[in-house]
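To start, the structure under review is shown below, and the notes come after it.
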Amino acid sequence: MYKYTIRRILASFPVLFGVLIVAFVLGRIIPGDPCKAILGEKATVEVCEKFNRDKGLDKPIPIQLAVYITELSQGDFGESLRFHRSVIEILIERLPTTLELGLAGLFIASAIGIPLGIISAIRHNSVIDLATMVGANIGVSMPVFWLGLMLAYVFALLLKDTPFWLPPSGRLSAGVIAIPFYEVYGLELVEGSFTYNFLEFIANMFIFNSLITLDWEVFKDAVTHLILPSVALSTIPMAIIARMTRSSMLQVFGLDYVRTARAKGLVEWRVVMAHAFRNALLPIVTIIGLQMGIVFSGAILTETIFSLAGVGRAMFEAITARDFPIIQGFTVVIASAYIVINLVVDISYGFLDPRIRYE
Amino acid sequence: MSSSIIKLPTTAGSFLTKSENLWLVAIRRLFRHRTGVAGMVILGFLILVAIFAPLIAPFDPNNSLIGKEKIKKRTAPCIYLLGCSTDEPQHLMGVDGNVRDEFSRIVFGARISLTVGIITIGFAIVIGTMLGAIAGYVGGWLDDVIMRIMDVLLAFPFLLLAIAITSALRTLFELNEAAESLFKNSVPEFIFAQRGLVYAMFAIAIVSIPQYARVIRSTVLSVKEEEYVSAARSIGNRPVRILLLHVLPNAFPPLIVQATLGVGTAILEVAALSFLGLGAQPPTPEWGSMLASERNQLFSAPHLVLFPGLAIMATVLGFNLLGDGLRDALDPRLRL
């Protein structure tokens with residue numbers, strides 16, 4: 001088992017290295033000429049030569065790559081060209097928004113998708129089953145950006161002046177301020193230190209922050225703002241989870257131990273939950289873990305529609321504005337997170353099902 | 001793969017043998033599959049719309065109606081059958097911000113979306129098949145290198161990578177005059193005019209390559225030690241011939257399913273890129289960019305967001321349903 005884990009971890013290193021190279025190459029190609037991207041189109045040849053010398057851009061590419069990887073390993077992600085702030089600072093500000101959005105989306109997707117999948121498996125070929133499968137097909141076919149806009153139209157305009165009204169943009173209403181929990185607790189922190197960065201990151205998840213500071217007004221406001229974007233984000237994962245749950249349950253229902261459980265006279269819901277569902281859970285958990293890519297791609301679109309200042313939006317803006325330090329830094333962070341999640345899913349799969357081994 | 005022997009019971013109780021083409025069996029199974037038929041109906045309808053677009057569309061999709069009709073921009077749909085006053089000009093889906101008939105634009109958009117989806121996935125299949133076949137058949141370090149590159153591509157959220165590739169292509173061609181003029185001179189003018197869309201298609205194709213490479217590689221691995229492949233090798237066939245005639249046909253069923261579902265996804269992704277302003281550029285009647293250009297008028301003219309979105313959804317749904325049907329028809333055990 002440990003051999004499997006170690007081999008699986010080792011196997012992800014080349015991929016991580018590949019990601020670093022892709023980020024590096026993107027950072028070199030997308031801005032075109034980094035000097036002109038930073039100093040403007042009118043920068044003269046002499047100025048650019050000096051600039052390239054100072055930034056090490058005149059050195060051979062392998063050396064530039066080595067310098068870049070060394071800087072990254074020291075936690076130095078560089079400084080944004082547009083905002084003149086460190087990439088880490090921007091990440092701490094933006095990532096919590098996306099994290100909250102993504103987690104809420106996945107939560108909604110699982111909370112609705114799993115029960116739907118179980119019900120359609122139990123009532124195989126019934127009206128509910130057919131409706132779920134048609135719904136799932138429509139769910140994966142729907143453009144996220146269109147669903148988001150339509151939800152905003154229905155809930156922010158048509159249902160205005162009703163209790164079902166929901167805000168179409170932002171994370172908090174104007175005038176509502178989320179006070180970071182470390183200030184409420186009276187902690188003294190040095191700005192820019194690791195602890196500060198870490199706590200600031202957590203405090204930027206407004207819902208969590210308002211929960212631990214018991215600020216119900218902010219909590220309610222943050223939750224109502226999160227509903228529409230996370231529902232829009234959740235449709236595709238929900239459809240995939242429901243399908244996976246259904247097919248996994250159907251497979252388990254045909255197995256001997258389920259028949260045994262029924263034969264010994266267990267109540268049906270115990271057969272379903274304790275015997276069938278527990279064993280069907282494995283592929284479901286995997287598929288939930290693998291939704292991260294879809295959730296992140298969706299986040300770029302949902303953040304655009306609901307004016308959320310998240311990582312997806314920041315990344316998109318950085319790419320179109322050729323802000324290459326942000327492109328590089330964010331790419332590395334996002335892709336690494338993606339690799340780590342895949343790794344955890346794979347390893348947990350190996351632990352949960354001992355029959356699975358690294359080839 | 002091409003034929004099998006099926007025993008048919010006769011009334012006398014004896015068995016007759018009849019050879020039946022497996023593809024015919026699959027096609028018959030597809031036509032009995034409810035969702036498969038639904039998908040074919042949707043797609044058949046869309047293909048007809050795309051082919052006969054000039055006959056169906058009542059107006060020119062790119063020309064403004066200013067001066068031709070007394071109508072304001074972003075007027076809501078007016079359908080005589082549904083009780084709209086006949087004093088007003090009929091526009092089934094209303095008019096857009098530039099006073100163009102939305103229905104005509106949606107109809108012409110079918111041409112763009114179907115072409116975009118099929119060409120994008122076609123390109124991904126060709127490259128993916130070559131890479132997967134080489135990796136699986138040659139094996140060794142080449143296999144490792146190719147598959148690790150595929151892993152790296154899969155390590156990025158696909159839309160993010162697609163945005164990055166699109167932007168890189170833009171920079172490459174637009175900041176570099178030599179490259180741009182080379183591009184301009186080597187392709188027909190209408191392609192160069194749609195270069196934003198071409199970049200987006202290329203990006204989505206690259207992002208889609210790994211899934212095809214994986215399907216092909218696993219099939220090649222599973223059949224390359226089979227006896228008929230060894231036989232073909234021992235009578236002196238060249239590797240390319242063995243691959244094309246004996247190995248790759250086995251990959252056809254999963255590939256067709258994957259490709260059908262892939263076309264739907266590609267249409268969705270290209271529309272998303274266009275929505276973000278990175279694909280088709282106005283005035284092209286591409287559904288994603290039509291939606292994007294009117295999204296700020298959502299509250300005053302929701303029909304201009306509703307219809308392009310519905311059109312995208314119907315098209316993608318058609319491909320997804322057909323893909324489901326094909327999967328069940330070609331191999332009931334296949335789970336992708």
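Residues in the structure tokens are named by chain (A, B, ... in the order shown) and by number from 1 within that chain; ligands are numbered from 1 in the order shown.
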Give me, as CSV, each residue of chain B that comes within 9 Å of chain A, together with its shortest interatomic pair and the distance in Å at one decimal, counting only C-alpha atoms, with rows ordered by chain and rising residue number.
```
residue,atom,partner,partner_atom,distance
B:Thr35,CA,A:Val134,CA,8.8
B:Arg148,CA,A:Val15,CA,6.6
B:Ile149,CA,A:Gly18,CA,7.4
B:Asp151,CA,A:Val15,CA,6.4
B:Val152,CA,A:Val15,CA,5.3
B:Leu153,CA,A:Val19,CA,8.3
B:Ala155,CA,A:Ala335,CA,5.8
B:Phe156,CA,A:Ala335,CA,5.3
B:Pro157,CA,A:Gly293,CA,4.4
B:Phe158,CA,A:Ser297,CA,6.6
B:Leu159,CA,A:Ser297,CA,5.1
B:Leu160,CA,A:Ser297,CA,6.4
B:Ile163,CA,A:Phe316,CA,7.4
B:Ala164,CA,A:Ile319,CA,6.7
B:Ile165,CA,A:Leu26,CA,8.1
B:Ser167,CA,A:Ile30,CA,6.1
B:Ala168,CA,A:Ile30,CA,4.6
B:Leu169,CA,A:Ile30,CA,8.1
B:Arg170,CA,A:Ile30,CA,8.2
B:Thr171,CA,A:Gly32,CA,5.7
B:Leu172,CA,A:Gly32,CA,7.0
B:Leu175,CA,A:Gly32,CA,6.8
B:Asn176,CA,A:Gly32,CA,8.6
B:Gly264,CA,A:Ser141,CA,7.7
B:Thr265,CA,A:Ser141,CA,8.0
B:Leu268,CA,A:Pro143,CA,6.4
B:Glu269,CA,A:Pro143,CA,8.6
B:Ala271,CA,A:Pro143,CA,8.2
B:Ala272,CA,A:Phe145,CA,7.4
B:Phe275,CA,A:Phe145,CA,8.0
B:Leu276,CA,A:Leu301,CA,7.9
B:Leu278,CA,A:Thr320,CA,8.9
B:Leu291,CA,A:Trp146,CA,8.0
B:Arg295,CA,A:Leu149,CA,7.7
B:Leu298,CA,A:Tyr153,CA,6.9
B:Phe299,CA,A:Tyr153,CA,6.3
B:Pro302,CA,A:Tyr153,CA,7.6
B:Val305,CA,A:Trp146,CA,7.2
B:Leu306,CA,A:Met150,CA,7.3
B:Pro308,CA,A:Trp146,CA,8.7
B:Gly309,CA,A:Trp146,CA,5.6
B:Leu310,CA,A:Met142,CA,8.2
B:Ile312,CA,A:Pro143,CA,7.3
B:Met313,CA,A:Met142,CA,5.1
B:Ala314,CA,A:Ser141,CA,7.6
B:Thr315,CA,A:Ser141,CA,8.2
B:Val316,CA,A:Ser141,CA,5.2
B:Leu317,CA,A:Ser141,CA,5.2
B:Gly318,CA,A:Ser141,CA,8.8
B:Asn320,CA,A:Asn137,CA,7.0
B:Leu321,CA,A:Asn137,CA,7.3
```
> If we count only C-alpha atoms, what is near stretch 49-51 of chain B at a cut-off of 7 Å, once residues fewer than 4 positions away on the same chain are taken out, given as JSON, numbers by chain?
Replying inline: {"B": [45, 107, 108, 110, 111]}
>> Considering only alpha helix (DSSP H) as DSSP defines it on the backbone, what residues of stretch 88-317 of chain B qualify? List them as a PyMOL selection string.
In response: chain B and resi 102-138+140-154+158-174+177-186+189-193+195-223+227-234+239-242+252-275+287-293+303-317
> Which residue, A:Ala37, A:Phe77, A:Gly170, A:Arg262, has the smallest gap to A:Ser307 when you use only C-alpha atoms?
Replying inline: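 Checking each of A:Ala37, A:Phe77, A:Gly170, A:Arg262 against A:Ser307, counting only C-alpha atoms, the winner is A:Gly170.
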> Skipping near chain neighbours, those fewer than 6 positions away, what residues fall within 12 Å of A:Gly289 using only C-alpha atoms, listed as an MDAnalysis selection string?
Replying inline: chainID A and resid 102:103 106:107 110 237 240:241 282:283 295 337:349
What would the file look like if the residues just selected were written as an mmCIF file, in the first residue's frame with N, CA, C and O atoms?
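Wrote it out as again.cif, contents follow:
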```cif
data_model
loop_
_atom_site.group_PDB
_atom_site.id
_atom_site.type_symbol
_atom_site.label_atom_id
_atom_site.label_comp_id
_atom_site.auth_asym_id
_atom_site.auth_seq_id
_atom_site.Cartn_x
_atom_site.Cartn_y
_atom_site.Cartn_z
ATOM 1 N N GLY A 102 -16.692 27.670 -5.232
ATOM 2 C CA GLY A 102 -16.522 26.288 -5.686
ATOM 3 C C GLY A 102 -17.063 25.295 -4.685
ATOM 4 O O GLY A 102 -17.768 24.345 -5.059
ATOM 5 N N LEU A 103 -16.755 25.519 -3.394
ATOM 6 C CA LEU A 103 -17.237 24.587 -2.368
ATOM 7 C C LEU A 103 -18.759 24.612 -2.299
ATOM 8 O O LEU A 103 -19.401 23.562 -2.214
ATOM 9 N N LEU A 106 -20.100 22.727 -5.313
ATOM 10 C CA LEU A 106 -19.956 21.269 -5.159
ATOM 11 C C LEU A 106 -20.922 20.727 -4.118
ATOM 12 O O LEU A 106 -21.463 19.631 -4.262
ATOM 13 N N PHE A 107 -21.138 21.529 -3.053
ATOM 14 C CA PHE A 107 -22.062 21.101 -2.004
ATOM 15 C C PHE A 107 -23.470 20.953 -2.578
ATOM 16 O O PHE A 107 -24.129 19.922 -2.394
ATOM 17 N N SER A 110 -23.673 17.924 -4.906
ATOM 18 C CA SER A 110 -23.736 16.621 -4.236
ATOM 19 C C SER A 110 -25.036 16.464 -3.473
ATOM 20 O O SER A 110 -25.656 15.397 -3.499
ATOM 21 N N PRO A 237 -21.710 19.726 -12.618
ATOM 22 C CA PRO A 237 -21.307 18.681 -11.670
ATOM 23 C C PRO A 237 -22.496 17.892 -11.129
ATOM 24 O O PRO A 237 -22.409 16.676 -10.970
ATOM 25 N N ILE A 240 -23.491 15.273 -13.580
ATOM 26 C CA ILE A 240 -22.504 14.189 -13.642
ATOM 27 C C ILE A 240 -22.584 13.316 -12.397
ATOM 28 O O ILE A 240 -22.557 12.086 -12.486
ATOM 29 N N ILE A 241 -22.735 13.952 -11.214
ATOM 30 C CA ILE A 241 -22.810 13.186 -9.967
ATOM 31 C C ILE A 241 -24.068 12.308 -9.955
ATOM 32 O O ILE A 241 -24.026 11.137 -9.566
ATOM 33 N N LEU A 282 -17.697 4.720 -3.578
ATOM 34 C CA LEU A 282 -16.331 4.924 -4.050
ATOM 35 C C LEU A 282 -16.235 5.707 -5.364
ATOM 36 O O LEU A 282 -15.614 6.765 -5.414
ATOM 37 N N PRO A 283 -16.864 5.205 -6.438
ATOM 38 C CA PRO A 283 -16.787 5.975 -7.681
ATOM 39 C C PRO A 283 -17.447 7.339 -7.570
ATOM 40 O O PRO A 283 -17.048 8.277 -8.261
ATOM 41 N N VAL A 295 -15.424 22.829 -12.163
ATOM 42 C CA VAL A 295 -15.817 23.913 -11.269
ATOM 43 C C VAL A 295 -14.953 25.144 -11.534
ATOM 44 O O VAL A 295 -15.446 26.259 -11.629
ATOM 45 N N ALA A 337 -2.760 22.708 -7.359
ATOM 46 C CA ALA A 337 -3.903 22.297 -6.538
ATOM 47 C C ALA A 337 -4.649 21.165 -7.229
ATOM 48 O O ALA A 337 -5.058 20.183 -6.601
ATOM 49 N N TYR A 338 -4.782 21.298 -8.531
ATOM 50 C CA TYR A 338 -5.487 20.310 -9.334
ATOM 51 C C TYR A 338 -4.762 18.958 -9.263
ATOM 52 O O TYR A 338 -5.375 17.915 -9.061
ATOM 53 N N ILE A 339 -3.433 19.007 -9.411
ATOM 54 C CA ILE A 339 -2.639 17.776 -9.358
ATOM 55 C C ILE A 339 -2.763 17.136 -7.979
ATOM 56 O O ILE A 339 -2.965 15.926 -7.856
ATOM 57 N N VAL A 340 -2.671 17.965 -6.915
ATOM 58 C CA VAL A 340 -2.742 17.428 -5.554
ATOM 59 C C VAL A 340 -4.098 16.773 -5.310
ATOM 60 O O VAL A 340 -4.182 15.676 -4.749
ATOM 61 N N ILE A 341 -5.179 17.417 -5.780
ATOM 62 C CA ILE A 341 -6.503 16.831 -5.561
ATOM 63 C C ILE A 341 -6.621 15.488 -6.279
ATOM 64 O O ILE A 341 -7.095 14.492 -5.719
ATOM 65 N N ASN A 342 -6.151 15.450 -7.537
ATOM 66 C CA ASN A 342 -6.174 14.178 -8.265
ATOM 67 C C ASN A 342 -5.391 13.110 -7.536
ATOM 68 O O ASN A 342 -5.796 11.958 -7.459
ATOM 69 N N LEU A 343 -4.251 13.528 -6.986
ATOM 70 C CA LEU A 343 -3.386 12.612 -6.251
ATOM 71 C C LEU A 343 -4.118 12.055 -5.027
ATOM 72 O O LEU A 343 -4.151 10.844 -4.797
ATOM 73 N N VAL A 344 -4.748 12.964 -4.267
ATOM 74 C CA VAL A 344 -5.463 12.541 -3.060
ATOM 75 C C VAL A 344 -6.593 11.581 -3.429
ATOM 76 O O VAL A 344 -6.772 10.540 -2.791
ATOM 77 N N VAL A 345 -7.328 11.918 -4.493
ATOM 78 C CA VAL A 345 -8.424 11.053 -4.925
ATOM 79 C C VAL A 345 -7.887 9.664 -5.280
ATOM 80 O O VAL A 345 -8.400 8.644 -4.831
ATOM 81 N N ASP A 346 -6.801 9.646 -6.064
ATOM 82 C CA ASP A 346 -6.221 8.372 -6.485
ATOM 83 C C ASP A 346 -5.763 7.533 -5.309
ATOM 84 O O ASP A 346 -6.021 6.339 -5.230
ATOM 85 N N ILE A 347 -5.060 8.198 -4.377
ATOM 86 C CA ILE A 347 -4.511 7.466 -3.239
ATOM 87 C C ILE A 347 -5.635 6.964 -2.337
ATOM 88 O O ILE A 347 -5.633 5.811 -1.899
ATOM 89 N N SER A 348 -6.634 7.822 -2.094
ATOM 90 C CA SER A 348 -7.722 7.401 -1.218
ATOM 91 C C SER A 348 -8.471 6.233 -1.867
ATOM 92 O O SER A 348 -8.907 5.311 -1.200
ATOM 93 N N TYR A 349 -8.544 6.268 -3.167
ATOM 94 C CA TYR A 349 -9.174 5.174 -3.905
ATOM 95 C C TYR A 349 -8.424 3.871 -3.623
ATOM 96 O O TYR A 349 -9.014 2.846 -3.332
#
```
> Could you work out how far atom CA of A:Thr98 lies from atom CA of A:Glu200, giving the answer in Å with one decimal?
Replying inline: 15.0 Å
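Among the candidate residues A:Leu189, A:Leu91, A:Leu214, A:Leu233, the one lying nearest to A:Leu151 is A:Leu233, with distances computed using only C-alpha atoms.
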> What does the distance between atom CA of B:Met290 and atom CA of B:Gly122 come to in Å, to one decimal place?
Replying inline: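 About the pair atom CA of B:Met290 and atom CA of B:Gly122: they are 25.2 Å apart.
Closest approach to A:Ile287 from the set A:Arg243, A:His84, A:Lys160, A:Lys55 is made by A:Arg243, with distances taken over only C-alpha atoms.
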> Which polymer residues have any atom within 9 Å of an atom of A:Tyr68, counting only C-alpha atoms, with same-chain residues fewer than 5 positions away left out, as an NGL selection string?
Replying inline: :A and (24 or 63 or 73 or 77)
>> as JSON, numbers by chain, please: the residues near A:Leu187 (cut-off 10 Å, only C-alpha atoms, same-chain neighbours under 5 positions excluded).
In response: {"A": [181, 182, 196]}
> In Å, how far is it from atom CA of A:Pro167 to atom CA of A:Leu228?
Replying inline: 8.0 Å
> Restricting the calculation to only C-alpha atoms, which member of B:Cys84, B:Ile106, B:Ala53, B:Ile119 is positioned closest to B:Val263?
Replying inline: B:Ile119
